[in-house]
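Let me begin by presenting the structure, written as structure tokens, before commenting on it.
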Amino acid sequence: MLTLLMWSFSFAQQFTNYSIKDGLPSNHIYTIRQDAKGFIWFLTDKGMVRYNGNEFKTFTTKNGLPKNDIWEAITTPDAKVWYLAKTTKLGYIENDTVQSFPNEDPHEIMNPIFTSQVENNIYPAGPRKSFKLSNGKWVKTHVNYNNKDDRTILYHKNLKNFYLNHNYDTLSLYNKNNILIKSIAFKDKLCSSDAYKKQLNDSLYIWASPKNYVVLNLNTLKTHKYSYKNQIGIEFSKHNRINTVNGEIQISGTGFVGYLDEYFQIKNAYIFPKEIKSHFALIDKNENIWFATFSNGIYKLPVSKKLNKYVLNKEKVKKFNTVDAEIYTSINEKGFYKYNKNKKDFNLIFKASDYPFSTIKIDSLNSQFFLTKNKFIQIKKNTRTTLNLFNTINQKIDNPSQVILLNKSLYAVYYFGMYKLNPTTFKLENHISLPGINKIIKFNNRLLVATNYGLKELKNDSLIDISFKNKPFTKSIISINKLSENKIVLGTDGFGAYISDFDTIYQLPKSEYLAIESSFVEKDTLWLATNEGIFNYVKKNNSYSFHNKYDISDGLPSNNINDIVIIDNDILASTNNGVALLPKKHKNYSQLSSIYFNKVLYNNTTITYSNKSQKYTSNNSVNFKIATIDFSEGNLNTSYEYKLEPIQNDWISSNSNNLTFSNLSPKNYKLKIKKDAFENEFSFKITPLWYQRILAKLLFTLFTIAFLVYVLSIIRNKELAKRTTKINTQKQLAEFELHALRSQMNPHFVFNSLNSIQYYINKNEIELSEKYLVKFSRLIRKFFDFSRDKFISLEQEISLLNNYLEIEQMRFGNDFKFKFNIDKKLNLSEQKIPSMLLQPIVENAVNHGLFHNEGKGLISIGFIYNSTNTFTIKICDNGIGLTKAKEIKENSIRTHVSKSTEIIKDRIMLLNKSKEWHITYSINELEKTNGTCVQLIFLKNG
């Protein structure tokens, strides 16, 4: 037999009670379950309740349950909670959704009081019928019509069923072929007729009777039968249940709860306080114990309070006083109590119907004093004396709340200051007036006074301010204690704790804004009793650093601590709700087991795990309600971190359980949340409208590009058309101008030729004039023929120039000669040249170069080959030159102005504009010999 760890506490162990006032739909609780996610479920006559440590969520017929009176549930590893009740439908709750499956016979009510479980499957069973879920309906697997040969279906790899005879003393087991493979006989009955029974898992079947329980191992075919009396000392227990909870087997009934070990014996049993009146309990994964009652709702015993002890419960317990290593305390209108270390309890040592203050022992007087509002009690040599305090005129004065002996005088604190009393007669010797004195201590033969106005010292019966070099200090001091031989610790009312060596003063870290009711010094450890629990500091390198903290999550009945004392390995803390004894070795009892999404809304429409895709709307909003599964006492820490991917990359801290994101664009999102070591995430999608989809955007983009290309092509074609029209117009204008220039040159040449003919007629040279006319007519004919063409060959141009020069030679006679120098490389018949371009130049050479020359004139015309498309023509004369011609022109009285040179340049400019030719024109005066030379370089484009 194993040695059992038995917990049995009084009802005053600070149980937490949950009832209708806290959110339960009913105080009538059948059973309690914990699902795979960590939620606690309460099965009531008014629905199923899920609890996360902060909020109750109730499921009823409104949510889809077939009825509200649900008396049992089974939790499976896949996080489903199967509900059981007398009804035609059974099902489960998953992700806040109720699933319900009907009986194949819609009029038949199922009574699943013996429901079995194998992994994620459940098999409801009643006294005569068994069911399994098939194709969304509950189908019968076994029916016992006459209650004879009642075989119980088994869900096992080798066994089909078993038969328990009507005397309950023989168990017969059958294999899959319905062949008996083993029969087990019992001296006593296997179980009672009202036993709770079911298949617990794939290998165990159990019976739980009021006096004993039996476990059948389906693999080994061995039975294990134990009585509650032998196991936990309980003779009889009702409502017994054996269940698998968080991977372990728990057994519970009226008055107890515990685990079954590997031998199926009860271990770590907890015996209920009778005051709870609980019929069932569950130990959750954090070792908290939950108790179900039929009239008072739920009770919870936190794991942090299992190892704690609570005394003087619900009493407003004052400060502790230590006298000769004994601990004393007091309670208003009840009296003084003394701590019993063996029993860890306080005993009333004498009553006081008024307000007891404190107790103190003065060794020199061999007396212990107990101070109350109306009495000043002295105990000396086991004799109790009630003293009366009088002033010098024998008038009774107020009783003090604290007394200290210093320099053979008693100093007693009361409401308006201090008395100085004679230690023998207790008569008033002096009165020191100062309202607001909170505490006095004797420190190295000094009397230190903690007041509402800072720290003071009594010197010569006067109160002197104690100041510090590093800072002024006038805060209200409500506690003071000796820290070492030269240091003290001061507790303020709302400004934390300070340490001083009377020279400087500094604040303890993490004590800011705390009310320090008292302090306790234990070697190098400092303990503070505050309004937020117990703070523990450890001395390192001659300074104190924060170590840990104790509060209601550690089992304190309240965070407002009146006083603290360390006794061996226990912390003794007094509160307005009694005294708690806690183990000094601190353990963090964090009850956080999950952070999750309680509700998700898109535009006020719930998003579930099955419809995470939502259509985009403008001004949309997604709201997340964040919750935790946290059964920590107090459960005040609501902070967590989150980030919404892909728009947020860094974690963001929040204390709000509601997160809202607005104007989200179409995209896949994932909200991640984390708290401590727990993380969760929720993915959802905002789908785009048709015009926001990628295909629509692509088509729209392609359409836009095509439209732009079309518009640009139209604009380009129009620009090209304008440019083409402009070029054609420019070409036409150039041709018109060339034609006009040619038309200007023709009469000019005719005018000069007629002058020559007139010259011969005047000289009466008829034959010569006739010859001249014949040549002139031929020349005129050629001129008219060539003037119709834009270009003529060099051969034609040379012929025209030759005819013209022959006529001019006839005019000048032997005084004029001309010659042609033609490069043999030139193809005269193929090489083209603009028509009528050279004749005006040659004419200028004759008329302006040779006309005023006194000697014989010579015109030399050279045709030079440069390349296939380039040739040069030089027209040179030996006339008077440009300078002399200009002087003659300026002195001439003739009114005719020659424009031939200007016309030639304009025509060359127009030819160059046409882009068909590039002609370079230059005229130079010959330096060594008189005369002028005109050079034209022709480049044929294309």
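Residues in the structure tokens are named by chain (A, B, ... in the order shown) and by number from 1 within that chain; ligands are numbered from 1 in the order shown.
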Please produce, as JSON lines, a per-residue contact table for stretch 181-280 of chain A versus stretch 103-120 of chain A (criterion: any atom at most 9 Å away, only C-alpha atoms considered), showing the nearest atom pair and its distance in Å to one decimal, sorted by chain then residue number.
{"residue": "A:Tyr196", "atom": "CA", "partner": "A:Phe114", "partner_atom": "CA", "distance": 6.9}
{"residue": "A:Lys197", "atom": "CA", "partner": "A:Phe114", "partner_atom": "CA", "distance": 5.6}
{"residue": "A:Lys198", "atom": "CA", "partner": "A:Ser116", "partner_atom": "CA", "distance": 5.0}
{"residue": "A:Gln199", "atom": "CA", "partner": "A:Ser116", "partner_atom": "CA", "distance": 4.6}
{"residue": "A:Leu200", "atom": "CA", "partner": "A:Gln117", "partner_atom": "CA", "distance": 5.8}
{"residue": "A:Asn201", "atom": "CA", "partner": "A:Val118", "partner_atom": "CA", "distance": 4.6}
{"residue": "A:Asp202", "atom": "CA", "partner": "A:Val118", "partner_atom": "CA", "distance": 5.2}
{"residue": "A:Ser203", "atom": "CA", "partner": "A:Val118", "partner_atom": "CA", "distance": 8.7}
{"residue": "A:Tyr205", "atom": "CA", "partner": "A:Ser116", "partner_atom": "CA", "distance": 8.7}
Go ahead and save the picked residues with N, CA and C atoms, as a compact mmCIF listing (two decimals), in the first residue's frame.
# COMPACT_ATOMS: atom_id res chain seq x y z
N TYR A 196 -21.80 3.13 -10.88
CA TYR A 196 -21.51 3.89 -12.09
C TYR A 196 -20.48 3.09 -12.88
N LYS A 197 -20.74 2.89 -14.19
CA LYS A 197 -19.86 2.03 -14.98
C LYS A 197 -19.69 2.59 -16.38
N LYS A 198 -18.54 2.33 -16.96
CA LYS A 198 -18.29 2.74 -18.34
C LYS A 198 -16.91 2.24 -18.76
N GLN A 199 -16.69 2.24 -20.09
CA GLN A 199 -15.35 1.98 -20.60
C GLN A 199 -14.61 3.31 -20.59
N LEU A 200 -13.52 3.36 -19.85
CA LEU A 200 -12.81 4.62 -19.63
C LEU A 200 -11.95 5.01 -20.83
N ASN A 201 -11.33 4.02 -21.43
CA ASN A 201 -10.50 4.25 -22.62
C ASN A 201 -10.39 2.94 -23.39
N ASP A 202 -9.39 2.83 -24.26
CA ASP A 202 -9.31 1.63 -25.10
C ASP A 202 -8.87 0.38 -24.33
N SER A 203 -8.47 0.54 -23.05
CA SER A 203 -7.96 -0.63 -22.34
C SER A 203 -8.51 -0.79 -20.92
N TYR A 205 -11.96 -0.66 -18.17
CA TYR A 205 -13.39 -0.55 -17.88
C TYR A 205 -13.52 -0.40 -16.36
Go through stretch 762-878 of chain A and collect every residue that DSSP, computed from the backbone, puts in strand (DSSP E); the answer should be as a PyMOL selection string.
chain A and resi 791-793+816-822+832-834+857-865+870-877
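Between A:Leu307 and the candidates A:Ala580, A:Ile766, A:Ile271, A:Ala292, the tightest atom-to-atom separation, counting only C-alpha atoms, involves A:Ala580.
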Within 7 Å of stretch 596-607 of chain A, counting only C-alpha atoms, which residues show up once you throw out same-chain ones fewer than 2 positions away? Write them as a CSV table (one decimal) with all heavy atoms, in the first residue's frame, please.
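The resulting file, selection-v4.csv, is shown below:
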chain,number,residue,atom,x,y,z
A,594,SER,N,-3.4,29.7,-21.9
A,594,SER,CA,-3.6,29.9,-23.3
A,594,SER,C,-4.1,31.4,-23.5
A,594,SER,O,-4.6,32.0,-22.5
A,594,SER,CB,-4.7,29.0,-23.8
A,594,SER,OG,-5.1,29.3,-25.1
A,609,TYR,N,-14.2,30.0,-37.9
A,609,TYR,CA,-13.1,29.3,-38.5
A,609,TYR,C,-13.6,28.7,-39.9
A,609,TYR,O,-12.7,28.3,-40.7
A,609,TYR,CB,-12.7,28.1,-37.6
A,609,TYR,CG,-11.9,28.6,-36.4
A,609,TYR,CD1,-12.5,29.0,-35.3
A,609,TYR,CD2,-10.5,28.7,-36.5
A,609,TYR,CE1,-11.8,29.5,-34.2
A,609,TYR,CE2,-9.7,29.2,-35.5
A,609,TYR,CZ,-10.4,29.6,-34.3
A,609,TYR,OH,-9.6,30.0,-33.2
A,611,ASN,N,-15.7,30.5,-42.1
A,611,ASN,CA,-15.9,31.6,-43.1
A,611,ASN,C,-15.0,32.7,-42.9
A,611,ASN,O,-15.3,33.8,-42.5
A,611,ASN,CB,-17.4,32.1,-43.0
A,611,ASN,CG,-17.7,32.8,-41.7
A,611,ASN,OD1,-17.1,32.5,-40.7
A,611,ASN,ND2,-18.6,33.8,-41.7
A,612,LYS,N,-13.7,32.4,-43.0
A,612,LYS,CA,-12.7,33.4,-42.8
A,612,LYS,C,-12.5,34.4,-43.9
A,612,LYS,O,-11.7,35.3,-43.8
A,612,LYS,CB,-11.3,32.7,-42.5
A,612,LYS,CG,-11.3,32.0,-41.2
A,612,LYS,CD,-9.9,31.5,-40.9
A,612,LYS,CE,-9.7,30.8,-39.5
A,612,LYS,NZ,-8.4,30.4,-39.3
A,620,ASN,N,-14.1,49.6,-44.0
A,620,ASN,CA,-14.4,48.3,-43.2
A,620,ASN,C,-13.7,48.4,-41.9
A,620,ASN,O,-12.8,49.2,-41.7
A,620,ASN,CB,-13.9,47.1,-44.1
A,620,ASN,CG,-12.4,47.2,-44.4
A,620,ASN,OD1,-11.6,47.3,-43.5
A,620,ASN,ND2,-12.1,47.0,-45.7
A,621,SER,N,-14.1,47.4,-41.0
A,621,SER,CA,-13.4,47.3,-39.7
A,621,SER,C,-13.4,45.9,-39.3
A,621,SER,O,-14.4,45.2,-39.5
A,621,SER,CB,-14.1,48.2,-38.7
A,621,SER,OG,-15.4,47.7,-38.4
A,622,VAL,N,-12.3,45.4,-38.7
A,622,VAL,CA,-12.2,44.0,-38.2
A,622,VAL,C,-11.9,44.2,-36.7
A,622,VAL,O,-10.9,44.8,-36.3
A,622,VAL,CB,-11.1,43.2,-38.9
A,622,VAL,CG1,-11.1,41.8,-38.4
A,622,VAL,CG2,-11.3,43.3,-40.4
A,623,ASN,N,-12.8,43.6,-35.9
A,623,ASN,CA,-12.6,43.7,-34.4
A,623,ASN,C,-12.3,42.3,-33.8
A,623,ASN,O,-13.0,41.3,-34.2
A,623,ASN,CB,-13.9,44.2,-33.8
A,623,ASN,CG,-13.9,44.3,-32.3
A,623,ASN,OD1,-14.4,43.4,-31.6
A,623,ASN,ND2,-13.3,45.4,-31.8
A,624,PHE,N,-11.3,42.3,-33.0
A,624,PHE,CA,-10.9,41.0,-32.3
A,624,PHE,C,-11.1,41.2,-30.8
A,624,PHE,O,-10.7,42.2,-30.2
A,624,PHE,CB,-9.4,40.7,-32.6
A,624,PHE,CG,-9.1,40.4,-34.0
A,624,PHE,CD1,-8.8,41.5,-34.9
A,624,PHE,CD2,-9.1,39.1,-34.5
A,624,PHE,CE1,-8.5,41.2,-36.2
A,624,PHE,CE2,-8.8,38.9,-35.8
A,624,PHE,CZ,-8.6,39.9,-36.7
A,625,LYS,N,-11.8,40.3,-30.2
A,625,LYS,CA,-11.9,40.2,-28.7
A,625,LYS,C,-10.9,39.2,-28.2
A,625,LYS,O,-11.1,38.0,-28.5
A,625,LYS,CB,-13.3,39.9,-28.3
A,625,LYS,CG,-13.5,40.0,-26.8
A,625,LYS,CD,-14.9,39.8,-26.3
A,625,LYS,CE,-15.0,39.9,-24.8
A,625,LYS,NZ,-16.4,39.7,-24.3
A,626,ILE,N,-9.9,39.6,-27.5
A,626,ILE,CA,-8.8,38.7,-27.0
A,626,ILE,C,-9.1,38.3,-25.6
A,626,ILE,O,-9.6,39.1,-24.8
A,626,ILE,CB,-7.5,39.5,-27.1
A,626,ILE,CG1,-7.2,40.2,-28.4
A,626,ILE,CG2,-6.3,38.5,-26.8
A,626,ILE,CD1,-7.3,39.2,-29.6
A,627,ALA,N,-8.9,37.0,-25.4
A,627,ALA,CA,-9.1,36.5,-24.0
A,627,ALA,C,-8.0,35.5,-23.7
A,627,ALA,O,-7.3,35.0,-24.6
A,627,ALA,CB,-10.5,35.8,-24.0
A,628,THR,N,-7.9,35.2,-22.4
A,628,THR,CA,-7.0,34.2,-21.9
A,628,THR,C,-7.7,33.1,-21.1
A,628,THR,O,-8.7,33.4,-20.6
A,628,THR,CB,-5.9,34.9,-21.1
A,628,THR,OG1,-6.5,35.5,-20.0
A,628,THR,CG2,-5.1,35.9,-21.9
A,680,ASN,N,-0.8,32.6,-30.3
A,680,ASN,CA,-2.0,32.1,-31.1
A,680,ASN,C,-2.0,33.0,-32.3
A,680,ASN,O,-1.4,34.1,-32.4
A,680,ASN,CB,-3.3,32.2,-30.3
A,680,ASN,CG,-4.3,31.2,-30.7
A,680,ASN,OD1,-4.3,30.8,-31.9
A,680,ASN,ND2,-5.2,30.8,-29.8
Tell me which protein, DNA and RNA residues are within 10 Å of A:Pro77, counting only C-alpha atoms, leaving out same-chain ones fewer than 4 positions away, and put them as an MDAnalysis selection string.
chainID A and resid 35:37 81 119:121 246:247
Residues of the last selection are to be written out with N, CA and C atoms, as a PDB file, in the first residue's frame.
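So the final result, stored in part-v6.pdb, reads:
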ATOM      1  N   ASP A  35     -11.529  20.828 -20.738  1.00  0.00           N
ATOM      2  CA  ASP A  35     -11.316  20.327 -22.098  1.00  0.00           C
ATOM      3  C   ASP A  35      -9.840  20.408 -22.493  1.00  0.00           C
ATOM      4  N   ALA A  36      -9.569  19.988 -23.715  1.00  0.00           N
ATOM      5  CA  ALA A  36      -8.180  19.897 -24.177  1.00  0.00           C
ATOM      6  C   ALA A  36      -7.520  21.262 -24.288  1.00  0.00           C
ATOM      7  N   LYS A  37      -8.302  22.319 -24.438  1.00  0.00           N
ATOM      8  CA  LYS A  37      -7.737  23.664 -24.539  1.00  0.00           C
ATOM      9  C   LYS A  37      -7.447  24.271 -23.170  1.00  0.00           C
ATOM     10  N   VAL A  81     -16.350  18.947 -26.666  1.00  0.00           N
ATOM     11  CA  VAL A  81     -16.998  18.690 -25.387  1.00  0.00           C
ATOM     12  C   VAL A  81     -18.363  18.071 -25.692  1.00  0.00           C
ATOM     13  N   GLU A 119     -10.587   7.284 -27.094  1.00  0.00           N
ATOM     14  CA  GLU A 119      -9.919   8.392 -27.777  1.00  0.00           C
ATOM     15  C   GLU A 119     -10.944   9.476 -28.107  1.00  0.00           C
ATOM     16  N   ASN A 120     -11.161   9.802 -29.408  1.00  0.00           N
ATOM     17  CA  ASN A 120     -12.065  10.892 -29.763  1.00  0.00           C
ATOM     18  C   ASN A 120     -13.514  10.435 -29.975  1.00  0.00           C
ATOM     19  N   ASN A 121     -13.771   9.164 -29.760  1.00  0.00           N
ATOM     20  CA  ASN A 121     -15.116   8.635 -29.992  1.00  0.00           C
ATOM     21  C   ASN A 121     -15.819   8.367 -28.664  1.00  0.00           C
ATOM     22  N   ASN A 246      -6.938  15.332 -18.278  1.00  0.00           N
ATOM     23  CA  ASN A 246      -5.594  15.788 -18.661  1.00  0.00           C
ATOM     24  C   ASN A 246      -4.569  14.654 -18.642  1.00  0.00           C
ATOM     25  N   GLY A 247      -4.982  13.495 -19.146  1.00  0.00           N
ATOM     26  CA  GLY A 247      -4.067  12.368 -19.288  1.00  0.00           C
ATOM     27  C   GLY A 247      -3.905  11.510 -18.056  1.00  0.00           C
TER      28      GLY A 247
END
Can you pull out every residue within 9 Å of A:Asp503, counting only C-alpha atoms, but drop anything in the same chain fewer than 4 positions away, and send it as a PyMOL selection string?
chain A and resi 467-470
Take the residues from that selection and write them out as an mmCIF file, in the first residue's frame, keeping C-alpha atoms.
data_model
loop_
_atom_site.group_PDB
_atom_site.id
_atom_site.type_symbol
_atom_site.label_atom_id
_atom_site.label_comp_id
_atom_site.auth_asym_id
_atom_site.auth_seq_id
_atom_site.Cartn_x
_atom_site.Cartn_y
_atom_site.Cartn_z
ATOM 1 C CA SER A 467 17.173 65.948 8.467
ATOM 2 C CA PHE A 468 19.302 64.326 5.788
ATOM 3 C CA LYS A 469 22.087 65.800 3.693
ATOM 4 C CA ASN A 470 20.988 64.433 0.320
#
I need the residues of stretch 632-853 of chain A that end up classed as alpha helix (DSSP H) by DSSP on the backbone, written out as a ChimeraX atom specification.
/A:694-762,766-787,794-812,838-844
Taken to one decimal, the atom CA of A:Asp78-atom CA of A:Asn161 distance is 26.7 Å
Could you list, as a PyMOL selection string, every residue within 10 Å of A:Leu572, counting only C-alpha atoms and ignoring same-chain residues fewer than 6 positions away?
chain A and resi 309-310+320+327+344+563-566+579-584
Quick one: write out the picked residues with C-alpha atoms as a compact mmCIF listing (two decimals), in the first residue's frame?
# COMPACT_ATOMS: atom_id res chain seq x y z
CA LYS A 309 -2.76 27.69 6.43
CA TYR A 310 -5.35 30.26 7.40
CA PHE A 320 2.15 41.44 15.59
CA ILE A 327 4.09 36.14 18.78
CA LYS A 344 0.30 26.88 13.83
CA ASP A 563 1.98 43.13 9.49
CA ILE A 564 4.47 40.38 8.76
CA VAL A 565 6.63 38.03 10.82
CA ILE A 566 8.98 35.27 9.65
CA VAL A 579 -3.86 35.52 9.21
CA ALA A 580 -2.14 33.50 6.46
CA LEU A 581 0.81 31.15 6.93
CA LEU A 582 2.73 30.78 3.67
CA PRO A 583 5.89 28.82 2.93
CA LYS A 584 8.80 31.22 2.74
Would you list the contacts of stretch 26-34 of chain A as a list of chain:residue names, taking every protein, DNA or RNA residue within 6 Å and counting only C-alpha atoms, but skipping same-chain residues closer than 5 positions in sequence?
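So, after excluding close chain neighbours, the residues are A:Ser19, A:Ile20, A:Phe39, A:Ile40, A:Trp41, A:Phe42, A:Leu43, A:Thr44, A:Lys46, A:Trp71, A:Ala292, A:Thr293, A:Phe294, A:Ser295, A:Asn296, A:Gly297.
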Save the residues we just selected, all heavy atoms, as a compact mmCIF listing (two decimals), in the first residue's frame?
# COMPACT_ATOMS: atom_id res chain seq x y z
N SER A 19 -21.13 31.73 -8.05
CA SER A 19 -22.56 31.42 -8.02
C SER A 19 -23.28 32.27 -9.05
O SER A 19 -22.65 32.86 -9.94
CB SER A 19 -23.12 31.68 -6.62
OG SER A 19 -22.96 33.04 -6.27
N ILE A 20 -24.59 32.33 -8.92
CA ILE A 20 -25.39 33.11 -9.86
C ILE A 20 -24.93 34.56 -9.91
O ILE A 20 -24.89 35.17 -10.98
CB ILE A 20 -26.88 33.02 -9.47
CG1 ILE A 20 -27.41 31.61 -9.70
CG2 ILE A 20 -27.71 34.01 -10.29
CD1 ILE A 20 -28.84 31.41 -9.26
N PHE A 39 -10.16 25.07 -20.92
CA PHE A 39 -11.37 25.65 -20.36
C PHE A 39 -11.98 24.72 -19.30
O PHE A 39 -11.91 23.49 -19.44
CB PHE A 39 -12.42 25.88 -21.45
CG PHE A 39 -12.07 26.97 -22.43
CD1 PHE A 39 -11.65 26.65 -23.72
CD2 PHE A 39 -12.17 28.30 -22.08
CE1 PHE A 39 -11.34 27.63 -24.63
CE2 PHE A 39 -11.85 29.30 -22.99
CZ PHE A 39 -11.43 28.97 -24.26
N ILE A 40 -12.57 25.33 -18.28
CA ILE A 40 -13.33 24.57 -17.29
C ILE A 40 -14.81 24.66 -17.67
O ILE A 40 -15.32 25.74 -17.96
CB ILE A 40 -13.10 25.14 -15.87
CG1 ILE A 40 -11.63 25.05 -15.50
CG2 ILE A 40 -13.95 24.39 -14.85
CD1 ILE A 40 -11.09 23.65 -15.36
N TRP A 41 -15.49 23.49 -17.65
CA TRP A 41 -16.90 23.42 -18.00
C TRP A 41 -17.71 23.00 -16.78
O TRP A 41 -17.34 22.07 -16.07
CB TRP A 41 -17.13 22.41 -19.13
CG TRP A 41 -16.56 22.86 -20.45
CD1 TRP A 41 -15.26 22.77 -20.85
CD2 TRP A 41 -17.28 23.48 -21.53
NE1 TRP A 41 -15.11 23.29 -22.12
CE2 TRP A 41 -16.34 23.73 -22.56
CE3 TRP A 41 -18.61 23.82 -21.74
CZ2 TRP A 41 -16.70 24.33 -23.76
CZ3 TRP A 41 -18.97 24.42 -22.93
CH2 TRP A 41 -18.03 24.67 -23.93
N PHE A 42 -18.82 23.71 -16.56
CA PHE A 42 -19.76 23.38 -15.49
C PHE A 42 -21.06 22.92 -16.11
O PHE A 42 -21.65 23.62 -16.95
CB PHE A 42 -20.00 24.60 -14.60
CG PHE A 42 -18.73 25.25 -14.10
CD1 PHE A 42 -18.48 26.59 -14.32
CD2 PHE A 42 -17.79 24.51 -13.39
CE1 PHE A 42 -17.32 27.19 -13.86
CE2 PHE A 42 -16.63 25.10 -12.93
CZ PHE A 42 -16.39 26.44 -13.17
N LEU A 43 -21.53 21.75 -15.71
CA LEU A 43 -22.78 21.19 -16.24
C LEU A 43 -23.89 21.48 -15.24
O LEU A 43 -23.83 21.03 -14.09
CB LEU A 43 -22.64 19.68 -16.49
CG LEU A 43 -21.70 19.23 -17.63
CD1 LEU A 43 -22.02 19.95 -18.92
CD2 LEU A 43 -20.23 19.38 -17.27
N THR A 44 -24.90 22.24 -15.66
CA THR A 44 -25.94 22.69 -14.75
C THR A 44 -27.32 22.32 -15.30
O THR A 44 -27.45 21.82 -16.43
CB THR A 44 -25.89 24.22 -14.56
OG1 THR A 44 -26.53 24.88 -15.67
CG2 THR A 44 -24.45 24.72 -14.48
N LYS A 46 -29.35 24.52 -16.03
CA LYS A 46 -29.74 25.67 -16.85
C LYS A 46 -28.78 25.89 -18.01
O LYS A 46 -28.68 26.99 -18.54
CB LYS A 46 -29.79 26.94 -15.98
CG LYS A 46 -30.85 26.93 -14.89
CD LYS A 46 -32.27 26.92 -15.48
CE LYS A 46 -33.32 27.12 -14.41
NZ LYS A 46 -33.38 25.99 -13.46
N TRP A 71 -26.45 17.05 -17.54
CA TRP A 71 -25.87 16.58 -16.30
C TRP A 71 -24.52 15.89 -16.44
O TRP A 71 -23.90 15.52 -15.46
CB TRP A 71 -26.83 15.64 -15.57
CG TRP A 71 -27.61 14.69 -16.44
CD1 TRP A 71 -28.90 14.84 -16.82
CD2 TRP A 71 -27.16 13.47 -17.01
NE1 TRP A 71 -29.30 13.78 -17.60
CE2 TRP A 71 -28.24 12.91 -17.74
CE3 TRP A 71 -25.94 12.78 -17.00
CZ2 TRP A 71 -28.16 11.72 -18.43
CZ3 TRP A 71 -25.85 11.58 -17.69
CH2 TRP A 71 -26.96 11.06 -18.40
N ALA A 292 -18.17 20.91 -7.13
CA ALA A 292 -19.55 21.11 -7.57
C ALA A 292 -20.49 20.90 -6.40
O ALA A 292 -20.32 19.96 -5.61
CB ALA A 292 -19.88 20.13 -8.70
N THR A 293 -21.50 21.78 -6.30
CA THR A 293 -22.53 21.62 -5.27
C THR A 293 -23.90 21.70 -5.94
O THR A 293 -24.03 22.20 -7.06
CB THR A 293 -22.43 22.72 -4.19
OG1 THR A 293 -22.88 23.96 -4.73
CG2 THR A 293 -21.00 22.87 -3.70
N PHE A 294 -24.90 21.22 -5.24
CA PHE A 294 -26.26 21.26 -5.79
C PHE A 294 -27.01 22.55 -5.43
O PHE A 294 -28.12 22.76 -5.92
CB PHE A 294 -27.06 20.06 -5.28
CG PHE A 294 -26.65 18.76 -5.92
CD1 PHE A 294 -26.43 17.64 -5.14
CD2 PHE A 294 -26.50 18.66 -7.29
CE1 PHE A 294 -26.06 16.44 -5.73
CE2 PHE A 294 -26.14 17.46 -7.88
CZ PHE A 294 -25.92 16.34 -7.10
N SER A 295 -26.42 23.38 -4.56
CA SER A 295 -27.16 24.57 -4.14
C SER A 295 -26.30 25.82 -4.01
O SER A 295 -26.84 26.93 -3.97
CB SER A 295 -27.85 24.31 -2.79
OG SER A 295 -26.89 23.94 -1.81
N ASN A 296 -24.97 25.67 -3.97
CA ASN A 296 -24.12 26.82 -3.75
C ASN A 296 -23.16 27.11 -4.90
O ASN A 296 -22.18 27.83 -4.73
CB ASN A 296 -23.29 26.63 -2.47
CG ASN A 296 -24.17 26.57 -1.24
OD1 ASN A 296 -25.14 27.33 -1.11
ND2 ASN A 296 -23.85 25.65 -0.33
N GLY A 297 -23.44 26.55 -6.04
CA GLY A 297 -22.59 26.82 -7.18
C GLY A 297 -21.28 26.07 -7.13
O GLY A 297 -21.23 24.88 -6.82
For each of A:Ile841, A:Ile251, A:Val403, A:Leu180, take the minimum atom-to-atom distance to A:Ile206, counting only C-alpha atoms, then give the residue where this is smallest.
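The shortest atom-to-atom distance to A:Ile206 comes from A:Ile251.
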Rounded to one decimal, what separation in Å do you get between atom CA of A:Leu800 and atom CA of A:Phe783?
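Taking atom CA of A:Leu800 as the start and atom CA of A:Phe783 as the end point, the length is 7.6 Å.
One finds atom CA of A:Val934 at 25.4 Å from atom CA of A:Phe776.
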Please identify every residue of stretch 548-637 of chain A that has at least one atom no farther than 8 Å from an atom of stretch 522-544 of chain A, counting only C-alpha atoms, and for each give the shortest atom pair and the distance in Å to one decimal, arranged by chain then increasing number, as CSV.
residue,atom,partner,partner_atom,distance
A:Asn548,CA,A:Asn536,CA,5.4
A:Lys549,CA,A:Phe535,CA,4.7
A:Tyr550,CA,A:Ile534,CA,5.0
A:Asp551,CA,A:Gly533,CA,4.6
A:Ile552,CA,A:Gly533,CA,7.5
A:Leu556,CA,A:Gly533,CA,7.8
A:Ser558,CA,A:Gly533,CA,7.5
A:Asn559,CA,A:Gly533,CA,4.3
A:Asn560,CA,A:Asn531,CA,4.1
A:Ile561,CA,A:Ala529,CA,5.2
A:Asn562,CA,A:Ala529,CA,6.3
A:Asp563,CA,A:Ala529,CA,5.6
A:Ile564,CA,A:Ala529,CA,5.9
A:Ile566,CA,A:Glu522,CA,7.7
